[in-house]
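Heads up, structure09.txt below (compact mmCIF, C-alpha atoms and all ligand atoms):
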```txt
# COMPACT_ATOMS: atom_id res chain seq x y z
CA MET A 89 38.81 33.80 -122.76
CA ALA A 90 36.81 36.98 -123.18
CA ALA A 91 33.78 35.80 -121.22
CA GLY A 92 32.41 39.35 -121.23
CA THR A 93 31.64 39.11 -124.95
CA GLN A 94 29.81 35.78 -124.73
CA PRO A 95 26.01 35.53 -124.76
CA VAL A 96 24.29 35.12 -121.40
CA LEU A 97 22.85 31.62 -120.79
CA VAL A 98 21.53 32.02 -117.27
CA GLN A 99 20.58 35.06 -115.22
CA ALA A 100 20.02 35.03 -111.49
CA ILE A 101 18.04 38.11 -110.54
CA GLY A 102 17.56 39.22 -106.92
CA LEU A 103 17.84 35.61 -105.87
CA GLN A 104 17.19 34.59 -102.27
CA VAL A 105 17.91 31.00 -101.31
CA ALA A 106 16.17 29.55 -98.26
CA HIS A 107 15.26 26.36 -96.45
CA GLY A 108 11.75 27.01 -95.21
CA ASP A 109 11.89 30.48 -93.71
CA GLN A 110 15.61 30.33 -93.06
CA VAL A 111 17.31 32.43 -95.74
CA VAL A 112 20.80 31.08 -96.41
CA LEU A 113 21.73 33.49 -99.24
CA HIS A 114 20.26 36.77 -100.42
CA GLY A 115 20.97 39.56 -102.91
CA LEU A 116 22.34 37.30 -105.65
CA ASP A 117 22.53 38.94 -109.06
CA PHE A 118 24.79 37.30 -111.61
CA ASP A 119 24.87 35.77 -115.06
CA ILE A 120 26.40 32.64 -116.52
CA ARG A 121 27.92 33.20 -119.95
CA ALA A 122 28.19 30.73 -122.79
CA GLY A 123 31.51 28.88 -122.85
CA GLU A 124 32.82 30.01 -119.48
CA VAL A 125 33.84 28.02 -116.43
CA LEU A 126 32.14 29.83 -113.54
CA VAL A 127 33.25 28.66 -110.13
CA ILE A 128 30.94 29.22 -107.16
CA LEU A 129 33.30 29.41 -104.21
CA GLY A 130 32.70 29.80 -100.50
CA ALA A 131 33.31 28.21 -97.12
CA SER A 132 31.62 24.94 -96.21
CA GLY A 133 28.02 25.55 -95.19
CA CYS A 134 27.71 28.97 -96.85
CA GLY A 135 24.92 27.73 -99.14
CA LYS A 136 26.57 26.64 -102.40
CA SER A 137 24.62 23.39 -102.80
CA SER A 138 21.41 25.15 -101.79
CA LEU A 139 22.01 27.76 -104.51
CA LEU A 140 22.67 25.01 -107.03
CA ARG A 141 19.36 23.35 -106.20
CA ASP A 142 17.56 26.60 -107.06
CA LEU A 143 19.64 27.10 -110.23
CA VAL A 144 18.64 23.68 -111.57
CA GLY A 145 15.00 23.98 -110.52
CA LEU A 146 15.02 21.38 -107.75
CA GLY A 147 14.46 24.08 -105.17
CA ARG A 148 12.25 27.12 -105.52
CA PRO A 149 13.89 30.47 -104.72
CA HIS A 150 12.56 32.29 -101.67
CA ALA A 151 12.59 35.40 -103.88
CA GLY A 152 13.95 36.39 -107.27
CA GLN A 153 14.24 34.59 -110.57
CA VAL A 154 16.45 32.21 -112.51
CA LEU A 155 16.23 32.79 -116.25
CA LEU A 156 17.55 30.14 -118.64
CA ASP A 157 17.78 31.45 -122.20
CA GLY A 158 15.49 34.25 -120.99
CA GLN A 159 12.81 31.89 -119.64
CA ASP A 160 11.92 31.80 -115.96
CA LEU A 161 12.84 28.28 -114.83
CA HIS A 162 10.46 28.34 -111.87
CA ALA A 163 7.49 29.89 -113.67
CA ALA A 164 7.63 27.46 -116.61
CA SER A 165 4.82 25.00 -117.31
CA ALA A 166 5.62 21.33 -116.69
CA ALA A 167 6.32 20.76 -120.39
CA GLN A 168 8.47 23.91 -120.72
CA GLY A 169 10.31 22.98 -117.53
CA ARG A 170 11.15 19.53 -118.90
CA GLN A 171 12.44 21.12 -122.07
CA LEU A 172 14.53 23.68 -120.18
CA ARG A 173 16.01 20.97 -117.94
CA GLN A 174 17.27 19.07 -120.98
CA ARG A 175 19.63 21.96 -121.67
CA PHE A 176 21.81 21.21 -118.66
CA GLY A 177 23.39 18.28 -116.89
CA VAL A 178 23.85 18.13 -113.13
CA MET A 179 26.27 16.26 -110.94
CA PHE A 180 25.19 16.45 -107.32
CA GLN A 181 27.57 16.56 -104.38
CA ALA A 182 26.77 13.01 -103.26
CA GLY A 183 27.03 11.53 -106.77
CA ALA A 184 23.60 9.97 -106.40
CA LEU A 185 23.76 7.00 -108.77
CA TRP A 186 20.82 4.58 -108.55
CA SER A 187 22.26 1.71 -106.52
CA ALA A 188 19.91 -0.94 -107.99
CA LEU A 189 20.97 -0.12 -111.57
CA SER A 190 24.28 -0.96 -113.22
CA VAL A 191 26.56 1.92 -114.19
CA GLY A 192 25.52 1.52 -117.81
CA GLN A 193 21.82 1.54 -116.91
CA ASN A 194 22.38 4.65 -114.78
CA LEU A 195 23.75 6.43 -117.82
CA MET A 196 21.06 5.13 -120.14
CA LEU A 197 18.23 6.27 -117.89
CA PRO A 198 18.22 9.96 -118.98
CA LEU A 199 18.61 8.81 -122.57
CA ARG A 200 15.65 6.45 -122.25
CA LEU A 201 13.49 9.13 -120.66
CA LEU A 202 14.48 12.09 -122.80
CA SER A 203 16.43 11.27 -125.97
CA GLY A 204 14.15 9.08 -128.05
CA LEU A 205 17.21 7.08 -129.16
CA PRO A 206 16.82 3.32 -129.73
CA PRO A 207 18.36 1.08 -127.02
CA ALA A 208 21.50 0.18 -129.01
CA ALA A 209 22.27 3.85 -129.61
CA GLN A 210 21.60 4.62 -125.92
CA ALA A 211 24.15 1.97 -124.92
CA ARG A 212 26.67 3.31 -127.45
CA GLN A 213 26.25 6.84 -126.11
CA ALA A 214 26.59 5.62 -122.51
CA ARG A 215 29.80 3.71 -123.32
CA LEU A 216 31.21 6.76 -125.09
CA LYS A 217 30.67 8.96 -122.07
CA LEU A 218 32.14 6.34 -119.72
CA ALA A 219 35.24 6.22 -121.92
CA LEU A 220 35.45 10.01 -121.79
CA VAL A 221 35.82 9.91 -118.00
CA GLY A 222 38.19 6.92 -118.06
CA LEU A 223 35.67 4.27 -117.03
CA ASP A 224 35.67 2.15 -120.19
CA GLY A 225 35.30 -1.18 -118.40
CA SER A 226 32.58 -0.18 -115.92
CA PHE A 227 29.42 -0.41 -118.02
CA ASP A 228 28.18 -3.63 -116.39
CA LEU A 229 29.40 -2.96 -112.85
CA MET A 230 27.05 -1.98 -110.03
CA PRO A 231 27.71 1.37 -108.31
CA ALA A 232 28.65 -0.47 -105.09
CA GLN A 233 31.52 -2.11 -107.00
CA LEU A 234 33.11 1.27 -107.80
CA SER A 235 35.56 3.22 -105.68
CA GLY A 236 34.46 6.66 -104.45
CA GLY A 237 36.45 8.38 -107.19
CA MET A 238 35.03 6.10 -109.88
CA ARG A 239 31.52 6.82 -108.62
CA LYS A 240 32.22 10.55 -108.98
CA ARG A 241 33.38 10.05 -112.55
CA ALA A 242 30.36 7.85 -113.36
CA ALA A 243 28.10 10.61 -112.02
CA LEU A 244 29.95 13.09 -114.22
CA ALA A 245 29.49 10.78 -117.23
CA ARG A 246 25.77 10.62 -116.49
CA ALA A 247 25.57 14.43 -116.31
CA LEU A 248 27.21 14.49 -119.76
CA VAL A 249 25.14 11.83 -121.41
CA LEU A 250 22.66 14.13 -123.15
CA ASP A 251 25.50 16.36 -124.42
CA PRO A 252 24.18 19.36 -122.51
CA PRO A 253 25.58 22.77 -123.43
CA LEU A 254 25.56 23.63 -119.72
CA LEU A 255 26.90 21.54 -116.89
CA TYR A 256 26.46 22.08 -113.13
CA LEU A 257 28.97 20.22 -110.96
CA ASP A 258 28.81 20.24 -107.15
CA GLU A 259 32.18 19.51 -105.53
CA PRO A 260 33.30 17.08 -108.24
CA GLY A 261 36.80 16.74 -106.77
CA SER A 262 35.95 16.31 -103.09
CA GLY A 263 36.88 12.96 -101.63
CA LEU A 264 39.36 12.32 -104.43
CA ASP A 265 43.13 12.06 -104.02
CA PRO A 266 45.01 15.10 -105.38
CA LEU A 267 46.00 13.33 -108.61
CA ASN A 268 42.45 12.28 -109.46
CA ALA A 269 41.09 15.67 -108.38
CA ALA A 270 43.56 17.32 -110.78
CA ARG A 271 42.50 14.90 -113.55
CA LEU A 272 38.92 15.93 -113.01
CA ASP A 273 39.87 19.61 -113.29
CA GLU A 274 41.65 18.74 -116.53
CA LEU A 275 38.55 16.98 -117.83
CA VAL A 276 36.41 20.03 -117.07
CA LEU A 277 38.80 22.20 -119.06
CA GLN A 278 38.78 19.73 -121.96
CA LEU A 279 34.99 19.75 -122.06
CA ARG A 280 35.01 23.51 -122.28
CA GLN A 281 37.73 23.54 -124.90
CA HIS A 282 36.57 20.70 -127.17
CA LEU A 283 32.78 20.78 -126.78
CA GLY A 284 32.32 24.44 -125.80
CA THR A 285 30.46 23.27 -122.71
CA THR A 286 29.60 25.97 -120.19
CA VAL A 287 30.56 24.72 -116.75
CA VAL A 288 29.32 25.92 -113.37
CA LEU A 289 31.49 24.33 -110.74
CA VAL A 290 30.67 24.54 -107.05
CA THR A 291 33.58 24.06 -104.70
CA HIS A 292 35.25 25.09 -101.48
CA ASP A 293 38.60 23.96 -102.95
CA ILE A 294 40.47 27.19 -103.61
CA GLN A 295 43.26 25.54 -105.59
CA SER A 296 40.82 23.87 -107.95
CA ALA A 297 38.82 27.10 -108.29
CA LEU A 298 41.88 29.10 -109.27
CA ALA A 299 43.01 26.39 -111.70
CA VAL A 300 39.85 26.12 -113.78
CA ALA A 301 37.79 29.30 -113.37
CA ASP A 302 37.26 31.99 -115.95
CA ARG A 303 35.31 33.80 -113.25
CA VAL A 304 34.73 33.14 -109.57
CA LEU A 305 31.49 33.97 -107.78
CA PHE A 306 32.41 34.35 -104.14
CA LEU A 307 29.80 33.67 -101.45
CA ASP A 308 30.53 35.10 -98.01
CA GLU A 309 29.43 32.96 -95.08
CA ASP A 310 29.12 35.91 -92.67
CA THR A 311 27.12 38.33 -94.81
CA ARG A 312 25.29 35.48 -96.60
CA THR A 313 25.58 37.09 -100.00
CA MET A 314 27.93 37.32 -102.98
CA THR A 315 30.82 39.68 -102.33
CA ALA A 316 32.73 39.29 -105.62
CA LEU A 317 32.41 38.06 -109.19
CA ASP A 318 35.56 38.32 -111.26
CA SER A 319 38.48 36.48 -112.83
CA PRO A 320 40.81 34.69 -110.39
CA ALA A 321 43.70 37.00 -111.31
CA ARG A 322 41.70 40.16 -110.64
CA LEU A 323 40.26 38.76 -107.41
CA LEU A 324 43.75 37.91 -106.15
CA SER A 325 45.11 41.35 -106.96
CA HIS A 326 42.11 43.69 -106.59
CA GLY A 327 39.31 41.70 -104.92
CA PRO A 328 37.66 42.75 -101.65
CA ALA A 329 40.04 42.25 -98.70
CA ALA A 330 38.03 39.35 -97.22
CA VAL A 331 38.03 37.51 -100.56
CA ARG A 332 41.78 38.02 -101.02
CA ARG A 333 42.36 36.73 -97.48
CA PHE A 334 40.23 33.63 -98.20
CA LEU A 335 42.07 32.94 -101.47
CA HIS A 336 45.54 33.52 -100.04
CA ARG A 337 44.80 31.34 -96.99
CA GLY A 338 43.88 28.51 -99.34
CA GLN A 339 47.07 28.92 -101.30
CA GLU A 340 49.20 29.08 -98.14
CA ALA A 341 47.58 25.91 -96.80
CA LEU A 342 49.08 24.08 -99.77
CA ALA A 343 52.49 25.73 -99.68
N1 LIG B 401 17.53 20.24 -96.73
C1 LIG B 401 17.87 21.21 -95.87
N2 LIG B 401 16.98 21.63 -94.94
C2 LIG B 401 17.31 22.63 -94.07
N3 LIG B 401 18.51 23.24 -94.06
C3 LIG B 401 19.43 22.84 -94.94
C4 LIG B 401 19.17 21.80 -95.90
N4 LIG B 401 20.27 21.63 -96.67
C5 LIG B 401 21.17 22.52 -96.22
N5 LIG B 401 20.68 23.24 -95.19
C6 LIG B 401 21.37 24.32 -94.46
O1 LIG B 401 21.67 25.34 -95.40
C7 LIG B 401 22.97 25.87 -95.15
C8 LIG B 401 23.81 25.76 -96.41
O2 LIG B 401 24.02 24.39 -96.73
P1 LIG B 401 24.65 23.94 -98.09
O3 LIG B 401 24.64 22.45 -98.14
O4 LIG B 401 23.96 24.66 -99.19
O5 LIG B 401 26.14 24.49 -97.94
P2 LIG B 401 27.43 24.26 -98.87
O6 LIG B 401 28.03 25.59 -99.09
O7 LIG B 401 27.06 23.45 -100.05
O8 LIG B 401 28.39 23.41 -97.91
P3 LIG B 401 29.53 22.30 -98.28
O9 LIG B 401 30.71 23.08 -98.83
O10 LIG B 401 29.85 21.68 -96.98
O11 LIG B 401 28.93 21.37 -99.28
C9 LIG B 401 23.52 25.12 -93.96
O12 LIG B 401 23.31 25.90 -92.81
C10 LIG B 401 22.69 23.86 -93.89
O13 LIG B 401 22.54 23.43 -92.56
MG MG B 402 27.63 21.60 -100.74
```

Written as C-alpha cells, that's how I'd like the structure from this file.
Amino acid sequence: MAAGTQPVLVQAIGLQVAHGDQVVLHGLDFDIRAGEVLVILGASGCGKSSLLRDLVGLGRPHAGQVLLDGQDLHAASAAQGRQLRQRFGVMFQAGALWSALSVGQNLMLPLRLLSGLPPAAQARQARLKLALVGLDGSFDLMPAQLSGGMRKRAALARALVLDPPLLYLDEPGSGLDPLNAARLDELVLQLRQHLGTTVVLVTHDIQSALAVADRVLFLDEDTRTMTALDSPARLLSHGPAAVRRFLHRGQEALA
C-alpha cells in the first residue's frame, strides 16, 4: 500500500527512552501512518518494549514527545489522556490477563470501564472478538486453563475489544509454534485489510517482520538508535549494511 500518502496518526519527535537515568534508546524520529503495519524490529534487549511503553503512555519519555492525532500524549490532562488512550489497543509481551477473572470478564473489563455499553452488549462484543481470534469456546474459562498460545490470542482479543483504529502488539507470535505464529500474522493482515486497523508490531522475529510489514523501523542495539525506516523490500536491497546483514542472517537461519 502507499503508506506515504496516508495521514499521520502518531509522531515520535526526538524521543529518548530511559529507565531511570539509563537511556536505552535516543534520537527517535518517526511517524505511524493510518492503515499501515509498522514493524519495530531489533535484537532482544535493544529496547523495543521500553519504546512501546512510552508510545502508549505507560512510561514517560526521558526527552522528546509522542503526538497522537497531534496531541502530546504525555502532556495531556487526565481526562484528555483517558480519551487519547481509547484510540488504541495494546497487547503486552507477557499477555497480562487478569488471572482472577474469566477470559470473558477480562475482555469485558475495558468495555465496562470505557464503553458505556449495557452488560449484555458487552458480553456480545467480547464473544465476537473471541471468535475473531478463534477462541469461540473460551468465554467462561479462566486464563490458567488456556495454553500459552490461547492466552496470547485472548490478550489480542482484549486489545481489539474497543475496536481501536490503532493497535500496538508486543511480540504477539513469540512462544507460539510456527503454524500458530503464522496464523497470528495472517490475523494481523486481515485486521488491516478488513477493518483498516493501523498495526504497530514489535518483534525480533525477522521472518514475521518481513511477512507483515509495510514499513520496518529498525533499532540498532549497538548505537541505541533507529538506523532505518523503510519497506522490507527496500531495506533488503538498499538498507544500511548492518540492517541488511541482520535481515539476511534471519532469513538464512530459517533456510
Ligand atoms: N523496568 C525496567 N527497569 C530497568 N531496566 C529495564 C526495565 N525494563 C527493561 N529494562 C532494560 O532496558 C533494556 C531494553 O529492554 P526491553 O525489554 O525494552 O528490550 P526488548 O527489545 O523489548 O527485548 P526482547 O526482544 O527480549 O523483548 C534492557 O537492557 C533491559 O535490561
Ligand atoms: Mg520486549

Give as a PyMOL selection string the residues surrounding ligand MG 402 (chain B) up to a distance of 7 Å, considering all atoms listed in the file. chain A and resi 132-133+135-137+181+258-259

Written file, previous selection with C-alpha atoms, as a compact mmCIF listing (two decimals), in the coordinates of the input:
```
# COMPACT_ATOMS: atom_id res chain seq x y z
CA SER A 132 31.62 24.94 -96.21
CA GLY A 133 28.02 25.55 -95.19
CA GLY A 135 24.92 27.73 -99.14
CA LYS A 136 26.57 26.64 -102.40
CA SER A 137 24.62 23.39 -102.80
CA GLN A 181 27.57 16.56 -104.38
CA ASP A 258 28.81 20.24 -107.15
CA GLU A 259 32.18 19.51 -105.53
```

Please identify all protein, DNA and RNA residues within 12 Å of ligand LIG 401 (chain B), counting all atoms listed in the file, and report them as a ChimeraX atom specification. /A:105-113,128-142,146-147,180-182,257-263,289-294,306-310,312-313

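Residue neighbourhood of segment 298-300 of chain A, excluding near-sequence residues (fewer than 4 positions): Val125, Val127, Asp273, Val276, Leu277, Ile294 and Pro320 of chain A, at 8 Å, using all atoms listed in the file.
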
Which neighbours of Leu155 of chain A fall inside 7 Å, counting all atoms listed in the file, when residues of the same chain fewer than 3 positions from it are skipped, and could you give them as a ChimeraX atom specification? /A:98-100,158-161

Residue among A:Gly192, A:Gly177, A:Gly338, A:Gly102 lying closest to Asp228 of chain A, counting only C-alpha atoms: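 Counting only C-alpha atoms, the residue closest to Asp228 of chain A is A:Gly192.
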
Near Leu248 of chain A, within 8 Å and counting only C-alpha atoms, which residues show up once chain neighbours fewer than 4 positions away are dropped, as a PyMOL selection string? chain A and resi 177+217+244+252+255

Residues near Asp265 of chain A, anyone? I mean within 12 Å using only C-alpha atoms, not counting same-chain ones fewer than 4 positions away, as a count of residues only. 10

Grab the atom CA of Ala245 of chain A to atom CA of Ala188 of chain A distance for me, in Å with one decimal place.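 Atom-to-atom, atom CA of Ala245 of chain A to atom CA of Ala188 of chain A, that is 17.7 Å.
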